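Visitor: One structure, as structure tokens, below. Some questions next.
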Amino acid sequence: MPQPTETAVAEPEVPALPAPDEGVFAATIAKACPSAKPVSTSVCKRAGFGSSDVICNYGLGEDEYLRHSATLTPGDGEWTVVDTETVCAQGA
């Protein structure tokens, strides 16, 4: 009689963070760059198929145009800014 074999149990995947909306993006930039002008508008999309990063184009202060861009990456259950120094310099 054949012996039963053990079946490997897959580790549960950590769910990806949903793409940030304008409020989440504005709060993320405000936290990373406290002295920058506030985000007035933004649009975010995944960096590419299968990527966990998000690229956001945004306007600052009274600007309604998407003149700036930032890349966000998941970290510790929240979005974090990639290359904070450059992003904060845009909003100075």
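How things are named: the first chain in the structure tokens is A, the next is B, and so on; residues count from 1 in each chain; ligands count from 1 in the order shown.
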Could you give me, as a list in words, the residues within 10 Å of Lys37 of chain A, counting only C-alpha atoms and dropping anything in the same chain fewer than 2 positions from it?
Guide: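 Those residues are Ile29, Ala30, Cys33, Pro34, Ser35, Val39, Ser40, Gly59, Leu60, Gly61, Glu62, Cys88, Gln90, Gly91 and Ala92 of chain A.
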Visitor: Run DSSP on the backbone and grab whatever in chain A lands in helix (DSSP H, G or I); send it over as a list in words.
Guide: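 Selection result, helix (DSSP H, G or I) within chain A: Glu22, Gly23, Val24, Phe25, Ala26, Ala27, Thr28, Ile29, Ala30, Lys31, Ala32, Thr84, Glu85, Thr86, Val87, Cys88, Ala89 and Gln90 of chain A.
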Visitor: Measuring atom to atom with only C-alpha atoms, identify which of A:Leu66, A:Val81, A:Val87, A:Cys44 is nearest to Pro18 of chain A.
Guide: A:Cys44
Visitor: Suppose you want the space between atom CA of His68 of chain A and atom CA of Phe49 of chain A; what is it in Å?
Guide: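 Distance between the two atoms: 22.5 Å.
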Visitor: What is the distance, in Å and to one decimal place, between atom CA of Thr71 of chain A and atom CA of Val24 of chain A?
Guide: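 Computed distance, atom CA of Thr71 of chain A to atom CA of Val24 of chain A, equals 13.5 Å.
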Visitor: Mind checking which residues fall within 9 Å of Ala70 of chain A, counting only C-alpha atoms, ignoring those fewer than 4 positions away in the same chain, and posting them as a ChimeraX atom specification?
Guide: /A:54-58,81-84,86-87
Visitor: Deliver the residues from the most recent selection as a file, using N, CA and C atoms, as a PDB file, in the first residue's frame.
Guide:
```
ATOM      1  N   VAL A  54       4.764  52.453  -6.819  1.00  0.00           N
ATOM      2  CA  VAL A  54       3.747  53.303  -7.430  1.00  0.00           C
ATOM      3  C   VAL A  54       4.413  54.612  -7.844  1.00  0.00           C
ATOM      4  N   ILE A  55       4.103  55.081  -9.042  1.00  0.00           N
ATOM      5  CA  ILE A  55       4.607  56.369  -9.508  1.00  0.00           C
ATOM      6  C   ILE A  55       3.451  57.361  -9.452  1.00  0.00           C
ATOM      7  N   CYS A  56       3.698  58.500  -8.810  1.00  0.00           N
ATOM      8  CA  CYS A  56       2.662  59.524  -8.674  1.00  0.00           C
ATOM      9  C   CYS A  56       3.144  60.830  -9.304  1.00  0.00           C
ATOM     10  N   ASN A  57       2.274  61.443 -10.068  1.00  0.00           N
ATOM     11  CA  ASN A  57       2.504  62.784 -10.603  1.00  0.00           C
ATOM     12  C   ASN A  57       1.601  63.706  -9.800  1.00  0.00           C
ATOM     13  N   TYR A  58       2.124  64.882  -9.450  1.00  0.00           N
ATOM     14  CA  TYR A  58       1.354  65.735  -8.542  1.00  0.00           C
ATOM     15  C   TYR A  58       1.670  67.213  -8.724  1.00  0.00           C
ATOM     16  N   VAL A  81       8.280  57.188   0.615  1.00  0.00           N
ATOM     17  CA  VAL A  81       8.813  57.893  -0.547  1.00  0.00           C
ATOM     18  C   VAL A  81      10.209  57.368  -0.872  1.00  0.00           C
ATOM     19  N   VAL A  82      10.430  57.069  -2.151  1.00  0.00           N
ATOM     20  CA  VAL A  82      11.751  56.687  -2.642  1.00  0.00           C
ATOM     21  C   VAL A  82      12.477  57.976  -3.006  1.00  0.00           C
ATOM     22  N   ASP A  83      13.733  58.106  -2.648  1.00  0.00           N
ATOM     23  CA  ASP A  83      14.542  59.297  -2.934  1.00  0.00           C
ATOM     24  C   ASP A  83      13.904  60.554  -2.319  1.00  0.00           C
ATOM     25  N   THR A  84      13.731  60.507  -1.016  1.00  0.00           N
ATOM     26  CA  THR A  84      13.092  61.598  -0.280  1.00  0.00           C
ATOM     27  C   THR A  84      13.776  62.936  -0.514  1.00  0.00           C
ATOM     28  N   THR A  86      15.312  64.214  -3.142  1.00  0.00           N
ATOM     29  CA  THR A  86      14.915  64.822  -4.413  1.00  0.00           C
ATOM     30  C   THR A  86      13.461  65.271  -4.374  1.00  0.00           C
ATOM     31  N   VAL A  87      12.585  64.431  -3.847  1.00  0.00           N
ATOM     32  CA  VAL A  87      11.157  64.759  -3.790  1.00  0.00           C
ATOM     33  C   VAL A  87      10.934  65.979  -2.913  1.00  0.00           C
TER      34      VAL A  87
END
```
Visitor: Step one, run DSSP on the backbone; step two, keep only residues of chain A assigned to strand (DSSP E or B); then write them as a compact mmCIF listing (two decimals) with C-alpha atoms, in the first residue's frame.
Guide:
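After the write, part-v7.txt holds the following:
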```
# COMPACT_ATOMS: atom_id res chain seq x y z
CA VAL A 39 0.02 68.53 -2.43
CA SER A 40 -2.95 70.02 -4.30
CA THR A 41 -3.65 67.23 -6.79
CA SER A 42 -2.16 63.85 -7.69
CA VAL A 43 -2.54 60.77 -9.86
CA CYS A 44 -0.82 57.49 -8.97
CA LYS A 45 -0.34 54.26 -10.91
CA ARG A 46 1.69 51.08 -10.52
CA VAL A 54 3.75 53.30 -7.43
CA ILE A 55 4.61 56.37 -9.51
CA CYS A 56 2.66 59.52 -8.67
CA ASN A 57 2.50 62.78 -10.60
CA TYR A 58 1.35 65.73 -8.54
CA GLY A 59 0.93 69.48 -8.15
CA LEU A 60 1.92 71.57 -5.12
CA HIS A 68 6.24 66.82 -10.16
CA SER A 69 6.68 63.08 -9.75
CA ALA A 70 7.55 60.73 -6.90
CA THR A 71 7.89 57.00 -6.52
CA LEU A 72 6.36 55.32 -3.49
CA THR A 73 7.24 51.85 -2.24
CA PRO A 74 5.56 49.76 0.45
CA GLY A 75 7.33 49.69 3.80
CA GLU A 78 2.42 51.95 4.61
CA TRP A 79 3.70 53.84 1.60
CA THR A 80 7.15 55.43 1.81
CA VAL A 81 8.81 57.89 -0.55
CA VAL A 82 11.75 56.69 -2.64
```
Visitor: Please indicate the distance in Å from atom CA of Ala27 of chain A to atom CA of Gly50 of chain A, rounded to one decimal place.
Guide: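 Value for the atom CA of Ala27 of chain A-atom CA of Gly50 of chain A distance: 24.9 Å.
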